[in-house]
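Student: Got target_2.cif for you, mmCIF, C-alpha atoms and all ligand atoms:
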```
data_input
loop_
_atom_site.label_atom_id
_atom_site.label_comp_id
_atom_site.auth_asym_id
_atom_site.auth_seq_id
_atom_site.Cartn_x
_atom_site.Cartn_y
_atom_site.Cartn_z
CA MET K 18 73.81 38.83 80.59
CA SER K 19 72.99 41.19 77.76
CA LYS K 20 69.46 41.26 76.43
CA GLY K 21 70.22 42.98 73.15
CA ILE K 22 71.90 41.61 70.05
CA PHE K 23 75.45 42.53 69.11
CA ILE K 24 76.15 42.40 65.37
CA THR K 25 79.43 43.41 63.73
CA LEU K 26 80.27 44.01 60.08
CA GLU K 27 83.76 43.24 58.87
CA GLY K 28 85.68 43.29 55.62
CA LEU K 29 88.42 44.91 53.60
CA ASP K 30 88.37 48.62 52.88
CA GLY K 31 85.99 49.20 49.97
CA SER K 32 84.05 45.95 50.50
CA GLY K 33 80.75 47.82 50.71
CA LYS K 34 80.33 47.51 54.48
CA THR K 35 79.10 51.04 54.96
CA THR K 36 76.30 50.70 52.39
CA GLN K 37 75.26 47.34 53.84
CA ILE K 38 75.25 48.44 57.47
CA LYS K 39 72.94 51.35 56.61
CA ARG K 40 70.59 49.06 54.69
CA LEU K 41 70.56 46.60 57.56
CA ALA K 42 69.78 49.41 60.02
CA ASP K 43 66.84 50.47 57.81
CA TRP K 44 65.59 46.88 57.65
CA LEU K 45 65.82 46.48 61.44
CA ALA K 46 63.92 49.74 61.88
CA LEU K 47 61.16 48.41 59.61
CA CYS K 48 61.02 45.31 61.82
CA GLY K 49 60.54 47.60 64.83
CA ARG K 50 63.93 46.83 66.41
CA GLU K 51 65.60 49.70 68.20
CA THR K 52 69.10 49.87 66.73
CA VAL K 53 72.31 51.66 67.62
CA LEU K 54 74.73 52.15 64.74
CA THR K 55 78.38 52.72 65.58
CA ARG K 56 81.84 52.25 64.10
CA GLN K 57 85.41 51.57 65.12
CA PRO K 58 87.67 53.34 65.45
CA GLY K 59 85.41 56.23 66.51
CA GLY K 60 81.84 56.39 67.74
CA THR K 61 82.59 58.31 70.95
CA VAL K 62 84.20 61.72 71.55
CA THR K 63 87.38 60.06 72.83
CA GLY K 64 87.20 57.47 70.05
CA ASP K 65 86.95 60.14 67.35
CA LYS K 66 90.17 61.70 68.64
CA ILE K 67 91.86 58.28 68.58
CA ARG K 68 90.48 57.72 65.06
CA GLU K 69 91.99 60.95 63.81
CA LEU K 70 95.35 59.95 65.22
CA LEU K 71 95.14 56.47 63.73
CA LEU K 72 93.91 57.23 60.24
CA SER K 73 95.88 60.32 59.41
CA SER K 74 98.84 59.57 57.19
CA ARG K 75 100.72 62.20 59.14
CA SER K 76 100.94 59.74 62.03
CA THR K 77 103.25 57.48 60.07
CA SER K 78 105.58 56.96 62.98
CA ILE K 79 102.99 54.97 64.95
CA SER K 80 104.46 51.54 65.71
CA PRO K 81 102.32 48.41 65.18
CA MET K 82 102.06 47.87 68.96
CA THR K 83 100.94 51.46 69.52
CA GLU K 84 98.44 51.11 66.71
CA MET K 85 96.99 47.97 68.28
CA ALA K 86 96.90 49.54 71.75
CA LEU K 87 95.06 52.57 70.35
CA MET K 88 92.51 50.33 68.61
CA PHE K 89 91.80 48.65 71.94
CA ALA K 90 91.72 51.97 73.81
CA ASP K 91 89.08 53.14 71.34
CA ARG K 92 87.17 49.87 71.76
CA ALA K 93 87.22 49.98 75.57
CA GLN K 94 85.64 53.43 75.46
CA ALA K 95 83.02 52.36 72.92
CA ILE K 96 82.09 49.33 75.01
CA ALA K 97 81.70 51.39 78.18
CA GLU K 98 79.92 54.34 76.60
CA VAL K 99 77.86 52.88 73.75
CA ILE K 100 77.82 49.12 73.31
CA ARG K 101 77.15 47.73 76.81
CA PRO K 102 74.50 50.31 77.74
CA ALA K 103 72.65 49.69 74.46
CA LEU K 104 72.77 45.90 74.85
CA GLU K 105 71.60 46.15 78.43
CA ALA K 106 68.68 48.25 77.23
CA GLY K 107 67.74 45.42 74.84
CA LYS K 108 68.76 47.21 71.64
CA VAL K 109 70.45 45.83 68.56
CA VAL K 110 74.00 47.15 68.25
CA LEU K 111 75.38 47.31 64.72
CA CYS K 112 79.09 47.95 64.81
CA ASP K 113 81.16 48.71 61.72
CA ARG K 114 84.37 46.78 62.61
CA TYR K 115 85.37 45.28 65.99
CA THR K 116 88.15 42.98 67.27
CA ASP K 117 88.21 40.91 64.06
CA SER K 118 89.56 44.04 62.35
CA THR K 119 92.38 44.23 64.89
CA GLU K 120 93.15 40.58 64.37
CA ALA K 121 93.08 40.97 60.57
CA TYR K 122 94.91 44.32 60.27
CA GLN K 123 97.29 44.36 63.23
CA GLY K 124 97.50 40.59 63.82
CA GLY K 125 97.67 39.69 60.11
CA GLY K 126 98.56 42.85 58.19
CA ARG K 127 101.12 44.14 60.68
CA GLN K 128 102.12 40.59 61.60
CA LEU K 129 101.64 40.90 65.35
CA GLY K 130 99.86 37.55 65.35
CA SER K 131 96.43 36.45 66.54
CA GLU K 132 97.41 35.31 69.99
CA LEU K 133 98.32 38.75 71.27
CA VAL K 134 95.18 40.34 69.82
CA LEU K 135 92.91 37.67 71.31
CA GLU K 136 94.57 37.94 74.71
CA LEU K 137 94.08 41.72 74.74
CA HIS K 138 90.50 41.24 73.59
CA ARG K 139 89.88 38.93 76.53
CA ILE K 140 91.34 41.40 79.02
CA ILE K 141 90.15 44.72 77.60
CA CYS K 142 86.80 43.78 76.10
CA GLY K 143 85.88 41.54 79.05
CA GLY K 144 84.72 38.71 76.84
CA LEU K 145 82.19 40.82 74.96
CA ASN K 146 81.89 38.92 71.69
CA PRO K 147 79.45 39.65 68.89
CA ASP K 148 76.42 37.38 68.61
CA LEU K 149 76.86 37.58 64.85
CA THR K 150 79.61 38.83 62.55
CA LEU K 151 78.91 39.49 58.89
CA LEU K 152 82.16 39.26 56.98
CA LEU K 153 82.12 40.69 53.46
CA LEU K 154 85.03 39.09 51.72
CA PRO K 155 85.05 39.33 47.93
CA GLU K 156 87.73 37.34 46.07
CA LEU K 157 91.27 38.38 46.90
CA GLU K 158 92.49 39.41 43.44
CA PRO K 159 89.62 41.82 42.57
CA SER K 160 89.92 43.27 46.10
CA LEU K 161 93.61 43.92 45.58
CA GLU K 162 92.88 45.50 42.21
CA ARG K 163 90.34 47.86 43.81
CA ALA K 164 92.82 48.76 46.58
CA ARG K 165 95.47 49.45 43.93
CA LYS K 166 93.15 51.75 41.96
CA ARG K 167 92.04 53.57 45.10
CA ASN K 168 95.64 53.98 46.07
CA GLN K 169 96.55 55.57 42.75
CA ARG K 170 93.52 57.86 42.97
CA THR K 171 94.10 58.97 46.54
CA THR K 172 97.83 59.51 46.08
CA LYS K 173 97.11 61.57 42.95
CA ASP K 174 94.02 63.55 43.98
CA ALA K 175 93.68 63.74 47.70
CA GLY K 176 97.05 64.89 48.90
CA PRO K 177 99.08 63.45 51.72
CA ASP K 178 96.38 63.00 54.37
CA GLU K 179 94.52 59.89 53.24
CA ASN K 180 93.75 56.85 55.39
CA ARG K 181 97.07 55.18 56.18
CA PHE K 182 95.58 51.72 55.86
CA GLU K 183 94.26 52.36 52.37
CA LEU K 184 97.73 53.38 51.26
CA GLU K 185 99.32 50.15 52.43
CA GLU K 186 101.05 47.86 49.98
CA GLU K 187 99.53 44.82 48.33
CA ALA K 188 101.21 42.25 50.61
CA PHE K 189 99.57 43.95 53.61
CA HIS K 190 96.07 43.68 52.09
CA ARG K 191 96.76 40.06 51.18
CA ARG K 192 97.66 39.23 54.80
CA VAL K 193 94.53 41.03 56.04
CA TRP K 194 92.36 39.03 53.62
CA GLU K 195 93.99 35.74 54.66
CA LYS K 196 93.56 36.46 58.36
CA TYR K 197 89.88 37.29 57.85
CA HIS K 198 89.46 33.99 56.05
CA GLU K 199 91.18 32.17 58.89
CA ILE K 200 88.85 33.79 61.46
CA ALA K 201 85.79 32.72 59.44
CA CYS K 202 87.03 29.11 59.30
CA ARG K 203 87.84 29.12 63.02
CA GLU K 204 84.49 30.51 64.19
CA PRO K 205 81.76 29.38 61.79
CA GLY K 206 79.08 29.67 64.48
CA ARG K 207 79.62 33.39 64.89
CA VAL K 208 81.01 34.52 61.53
CA VAL K 209 78.88 34.43 58.39
CA LEU K 210 81.17 34.68 55.40
CA ILE K 211 79.66 36.51 52.44
CA GLU K 212 81.97 35.94 49.51
CA GLY K 213 82.05 36.03 45.75
CA ALA K 214 80.98 38.66 43.24
CA LEU K 215 77.51 39.53 44.50
CA SER K 216 75.36 42.58 43.80
CA ILE K 217 74.49 45.03 46.59
CA ASP K 218 70.96 43.55 46.71
CA GLU K 219 72.25 39.98 46.89
CA VAL K 220 74.61 40.83 49.75
CA HIS K 221 71.76 42.59 51.57
CA GLU K 222 69.57 39.51 51.09
CA ARG K 223 72.24 37.23 52.60
CA ILE K 224 72.71 39.62 55.52
CA VAL K 225 68.99 39.75 56.25
CA GLN K 226 68.77 35.94 56.19
CA ALA K 227 71.68 35.61 58.64
CA VAL K 228 70.25 38.26 60.97
CA GLU K 229 66.73 36.77 60.92
CA LYS K 230 68.18 33.37 61.75
CA LYS K 231 70.19 34.77 64.66
CA ILE K 232 67.22 36.73 66.02
CA ASN K 233 65.13 33.53 65.98
CA VAL K 234 67.85 31.53 67.74
CA LEU K 235 68.23 34.17 70.45
CA LYS K 236 64.47 34.53 71.06
P1 LIG K 301 87.54 53.55 57.76
O1 LIG K 301 87.71 54.82 57.03
O2 LIG K 301 86.46 53.46 58.79
O3 LIG K 301 87.46 52.39 56.71
P2 LIG K 301 86.30 51.40 56.36
O4 LIG K 301 85.18 52.25 55.82
O5 LIG K 301 86.92 50.49 55.34
O6 LIG K 301 85.94 50.68 57.64
O7 LIG K 301 88.93 53.20 58.42
C1 LIG K 301 89.11 52.23 59.31
C2 LIG K 301 90.49 51.67 59.04
O8 LIG K 301 91.06 51.23 60.26
C3 LIG K 301 90.44 50.48 58.10
O9 LIG K 301 91.44 50.60 57.13
C4 LIG K 301 90.76 49.31 59.00
C5 LIG K 301 91.54 49.92 60.11
N1 LIG K 301 91.39 49.23 61.42
C6 LIG K 301 92.47 48.52 61.93
O10 LIG K 301 93.54 48.49 61.33
N2 LIG K 301 92.33 47.88 63.13
C7 LIG K 301 91.17 47.92 63.85
O11 LIG K 301 91.08 47.33 64.94
C8 LIG K 301 90.06 48.67 63.30
C9 LIG K 301 88.76 48.74 64.06
C10 LIG K 301 90.21 49.30 62.09
#
```
Would you kindly transcribe this structure into structure tokens?
Ligand code: TYD
Tutor:
Amino acid sequence: MSKGIFITLEGLDGSGKTTQIKRLADWLALCGRETVLTRQPGGTVTGDKIRELLLSSRSTSISPMTEMALMFADRAQAIAEVIRPALEAGKVVLCDRYTDSTEAYQGGGRQLGSELVLELHRIICGGLNPDLTLLLLPELEPSLERARKRNQRTTKDAGPDENRFELEEEAFHRRVWEKYHEIACREPGRVVLIEGALSIDEVHERIVQAVEKKINVLK
């Protein structure tokens, strides 16, 4: 049994996860909790190589199955090298994306379905589920609008090597959003859904409340 607390942050690209995870790490530090901050894909030497392969638009010939397998390969390494050791040492692990991303992006976006993703999660992640998942899910339409704008910007300014997922079409982002919503409805005990047009401070406030509650329950 792990002694630490495993918290994941999830959401669409551009949902403000990165800002929030840093603020949460600062808050935990103020509370005196030793925290390990990591992200997926990436977070280990092997994982960073997998990340490069996965996010480069040059790797366009990656099939959905390969993509999913690489996400899990990255995750297996992160669990072995970073997540389990930190939890066993009693630390708080804050992970930017985990299996919910695979279910939303590969299961939903790429239409591989949830069943396959959850079965692989069971086998490869050995049942390591987050204690708490904070899902930042602003309304669908404004999210799509932001993705559209980012797409135009990146295609225009940044050349051909932008994040493949950010360059996906609208229907893909819609399926990702819907799958995230489905996960939140299916697992309300684990997933805290933070939705609506909230300011950065308001989202931070909600996150802190959810984390405090979980810490008290796990005491
Ligand atoms: P990243 O640049 O880290 O984006 P963000 O800051 O939005 O997290 O890129 C991660 C991308 O990888 C993101 O578009 C989601 C995608 N992804 C998957 O498709 N499946 C997964 O299992 C994971 C972990 C990420």
Student: Contacts between ligand LIG 301 (chain K) and chain K, please, where a residue of chain K counts if it comes within 9 Å (with only C-alpha atoms and all ligand atoms); show its shortest atom pair and distance in Å to one decimal, rows by chain and ascending number, as JSON lines.
Tutor:
```
{"residue": "K:Glu27", "atom": "CA", "partner": "K:LIG301", "partner_atom": "O6", "distance": 7.8}
{"residue": "K:Gly28", "atom": "CA", "partner": "K:LIG301", "partner_atom": "O5", "distance": 7.3}
{"residue": "K:Leu29", "atom": "CA", "partner": "K:LIG301", "partner_atom": "O5", "distance": 6.0}
{"residue": "K:Asp30", "atom": "CA", "partner": "K:LIG301", "partner_atom": "O5", "distance": 3.4}
{"residue": "K:Gly31", "atom": "CA", "partner": "K:LIG301", "partner_atom": "O5", "distance": 5.6}
{"residue": "K:Ser32", "atom": "CA", "partner": "K:LIG301", "partner_atom": "O5", "distance": 7.2}
{"residue": "K:Gly33", "atom": "CA", "partner": "K:LIG301", "partner_atom": "O4", "distance": 8.1}
{"residue": "K:Lys34", "atom": "CA", "partner": "K:LIG301", "partner_atom": "O4", "distance": 6.9}
{"residue": "K:Thr35", "atom": "CA", "partner": "K:LIG301", "partner_atom": "O4", "distance": 6.3}
{"residue": "K:Arg56", "atom": "CA", "partner": "K:LIG301", "partner_atom": "O2", "distance": 7.1}
{"residue": "K:Gln57", "atom": "CA", "partner": "K:LIG301", "partner_atom": "C9", "distance": 4.5}
{"residue": "K:Pro58", "atom": "CA", "partner": "K:LIG301", "partner_atom": "C9", "distance": 4.9}
{"residue": "K:Gly59", "atom": "CA", "partner": "K:LIG301", "partner_atom": "O2", "distance": 8.3}
{"residue": "K:Arg68", "atom": "CA", "partner": "K:LIG301", "partner_atom": "C1", "distance": 8.1}
{"residue": "K:Leu71", "atom": "CA", "partner": "K:LIG301", "partner_atom": "O8", "distance": 7.5}
{"residue": "K:Leu72", "atom": "CA", "partner": "K:LIG301", "partner_atom": "C2", "distance": 6.6}
{"residue": "K:Glu84", "atom": "CA", "partner": "K:LIG301", "partner_atom": "O10", "distance": 7.7}
{"residue": "K:Met85", "atom": "CA", "partner": "K:LIG301", "partner_atom": "O11", "distance": 6.8}
{"residue": "K:Leu87", "atom": "CA", "partner": "K:LIG301", "partner_atom": "O11", "distance": 8.5}
{"residue": "K:Met88", "atom": "CA", "partner": "K:LIG301", "partner_atom": "O11", "distance": 5.0}
{"residue": "K:Phe89", "atom": "CA", "partner": "K:LIG301", "partner_atom": "O11", "distance": 7.2}
{"residue": "K:Asp91", "atom": "CA", "partner": "K:LIG301", "partner_atom": "C9", "distance": 8.5}
{"residue": "K:Arg92", "atom": "CA", "partner": "K:LIG301", "partner_atom": "C9", "distance": 7.9}
{"residue": "K:Asp113", "atom": "CA", "partner": "K:LIG301", "partner_atom": "O6", "distance": 6.6}
{"residue": "K:Arg114", "atom": "CA", "partner": "K:LIG301", "partner_atom": "C9", "distance": 5.0}
{"residue": "K:Tyr115", "atom": "CA", "partner": "K:LIG301", "partner_atom": "C9", "distance": 5.2}
{"residue": "K:Thr116", "atom": "CA", "partner": "K:LIG301", "partner_atom": "O11", "distance": 5.7}
{"residue": "K:Asp117", "atom": "CA", "partner": "K:LIG301", "partner_atom": "O11", "distance": 7.1}
{"residue": "K:Ser118", "atom": "CA", "partner": "K:LIG301", "partner_atom": "O11", "distance": 4.5}
{"residue": "K:Thr119", "atom": "CA", "partner": "K:LIG301", "partner_atom": "O11", "distance": 3.4}
{"residue": "K:Glu120", "atom": "CA", "partner": "K:LIG301", "partner_atom": "O11", "distance": 7.1}
{"residue": "K:Ala121", "atom": "CA", "partner": "K:LIG301", "partner_atom": "N2", "distance": 7.4}
{"residue": "K:Tyr122", "atom": "CA", "partner": "K:LIG301", "partner_atom": "O10", "distance": 4.5}
{"residue": "K:Gln123", "atom": "CA", "partner": "K:LIG301", "partner_atom": "O10", "distance": 5.9}
{"residue": "K:Gly124", "atom": "CA", "partner": "K:LIG301", "partner_atom": "N2", "distance": 9.0}
{"residue": "K:Gly126", "atom": "CA", "partner": "K:LIG301", "partner_atom": "O10", "distance": 8.2}
{"residue": "K:Arg127", "atom": "CA", "partner": "K:LIG301", "partner_atom": "O10", "distance": 8.8}
{"residue": "K:Asn180", "atom": "CA", "partner": "K:LIG301", "partner_atom": "O1", "distance": 6.6}
{"residue": "K:Arg181", "atom": "CA", "partner": "K:LIG301", "partner_atom": "O9", "distance": 7.3}
{"residue": "K:Phe182", "atom": "CA", "partner": "K:LIG301", "partner_atom": "O9", "distance": 4.5}
{"residue": "K:Glu183", "atom": "CA", "partner": "K:LIG301", "partner_atom": "O9", "distance": 5.8}
```
Student: Using all atoms listed in the file, pick whichever of K:Ile232, K:Glu187, K:Glu162, K:Thr63 has the shortest atom-to-atom distance to Asp148 (chain K).
Tutor: K:Ile232
Student: My list of candidates is K:Val193, K:Leu129, K:Ile22, K:Ile140. Which is closest to Glu105 (chain K) when distances are computed with all atoms listed in the file?
Tutor: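 Nearest to Glu105 (chain K): K:Ile22.
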Student: Pull the neighbourhood of (86.7, 35.9, 59.6) for me: all residues within 9 Å in file coordinates, counting all atoms listed in the file, as an mmCIF file with C-alpha atoms, in the coordinates of the input.
Tutor:
```cif
data_model
loop_
_atom_site.group_PDB
_atom_site.id
_atom_site.type_symbol
_atom_site.label_atom_id
_atom_site.label_comp_id
_atom_site.auth_asym_id
_atom_site.auth_seq_id
_atom_site.Cartn_x
_atom_site.Cartn_y
_atom_site.Cartn_z
ATOM 1 C CA GLU K 27 83.760 43.240 58.870
ATOM 2 C CA GLY K 28 85.680 43.290 55.620
ATOM 3 C CA ASP K 117 88.210 40.910 64.060
ATOM 4 C CA ALA K 121 93.080 40.970 60.570
ATOM 5 C CA THR K 150 79.610 38.830 62.550
ATOM 6 C CA LEU K 151 78.910 39.490 58.890
ATOM 7 C CA LEU K 152 82.160 39.260 56.980
ATOM 8 C CA LEU K 154 85.030 39.090 51.720
ATOM 9 C CA TRP K 194 92.360 39.030 53.620
ATOM 10 C CA GLU K 195 93.990 35.740 54.660
ATOM 11 C CA LYS K 196 93.560 36.460 58.360
ATOM 12 C CA TYR K 197 89.880 37.290 57.850
ATOM 13 C CA HIS K 198 89.460 33.990 56.050
ATOM 14 C CA GLU K 199 91.180 32.170 58.890
ATOM 15 C CA ILE K 200 88.850 33.790 61.460
ATOM 16 C CA ALA K 201 85.790 32.720 59.440
ATOM 17 C CA CYS K 202 87.030 29.110 59.300
ATOM 18 C CA ARG K 203 87.840 29.120 63.020
ATOM 19 C CA GLU K 204 84.490 30.510 64.190
ATOM 20 C CA PRO K 205 81.760 29.380 61.790
ATOM 21 C CA VAL K 208 81.010 34.520 61.530
ATOM 22 C CA VAL K 209 78.880 34.430 58.390
ATOM 23 C CA LEU K 210 81.170 34.680 55.400
#
```
Student: In terms of the shortest atom-to-atom distance over only C-alpha atoms, which of K:Ala188, K:Val220, K:Gln94, K:Lys236 is closest to Ile141 (chain K)?
Tutor: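 Smallest separation from Ile141 (chain K) among the options: K:Gln94.
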Student: May I ask which of the residues K:Leu235, K:Leu111, K:Val134, K:Ile224 is the closest one to Glu51 (chain K), counting only C-alpha atoms?
Tutor: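 Ranked by minimum distance to Glu51 (chain K), first place goes to K:Leu111.
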Student: Would you kindly return, as an NGL selection string, each protein, DNA or RNA residue with an atom no farther than 6 Å from any atom of Thr52 (chain K), considering all atoms listed in the file and excluding same-chain residues fewer than 4 positions away?
Tutor: :K and (108-110)
Student: Based on the selection just made, write C-alpha atoms of those residues as a PDB file, in the coordinates of the input.
Tutor:
```pdb
ATOM      1  CA  LYS K 108      68.760  47.210  71.640  1.00  0.00           C
ATOM      2  CA  VAL K 109      70.450  45.830  68.560  1.00  0.00           C
ATOM      3  CA  VAL K 110      74.000  47.150  68.250  1.00  0.00           C
TER       4      VAL K 110
END
```
Student: Quick one: of K:Gly144, K:Gly213, K:Pro159, K:Gly130, who's nearest to Arg192 (chain K), counting only C-alpha atoms?
Tutor: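 Residue with the minimum atom-to-atom distance to Arg192 (chain K): K:Gly130.
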Student: Considering only C-alpha atoms, can you say which of K:Thr36, K:Gln169, K:Ser73, K:Gln128 comes closest to Ser216 (chain K)?
Tutor: K:Thr36
Student: Calculate how many Å separate CA of Phe23 (chain K) from CA of Arg191 (chain K), rounding to one decimal.
Tutor: 28.0 Å
Student: Figure out the distance between CA of Leu215 (chain K) and CA of Glu156 (chain K), please, to one decimal in Å.
Tutor: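 Taking CA of Glu156 (chain K) and CA of Leu215 (chain K), their separation equals 10.6 Å.
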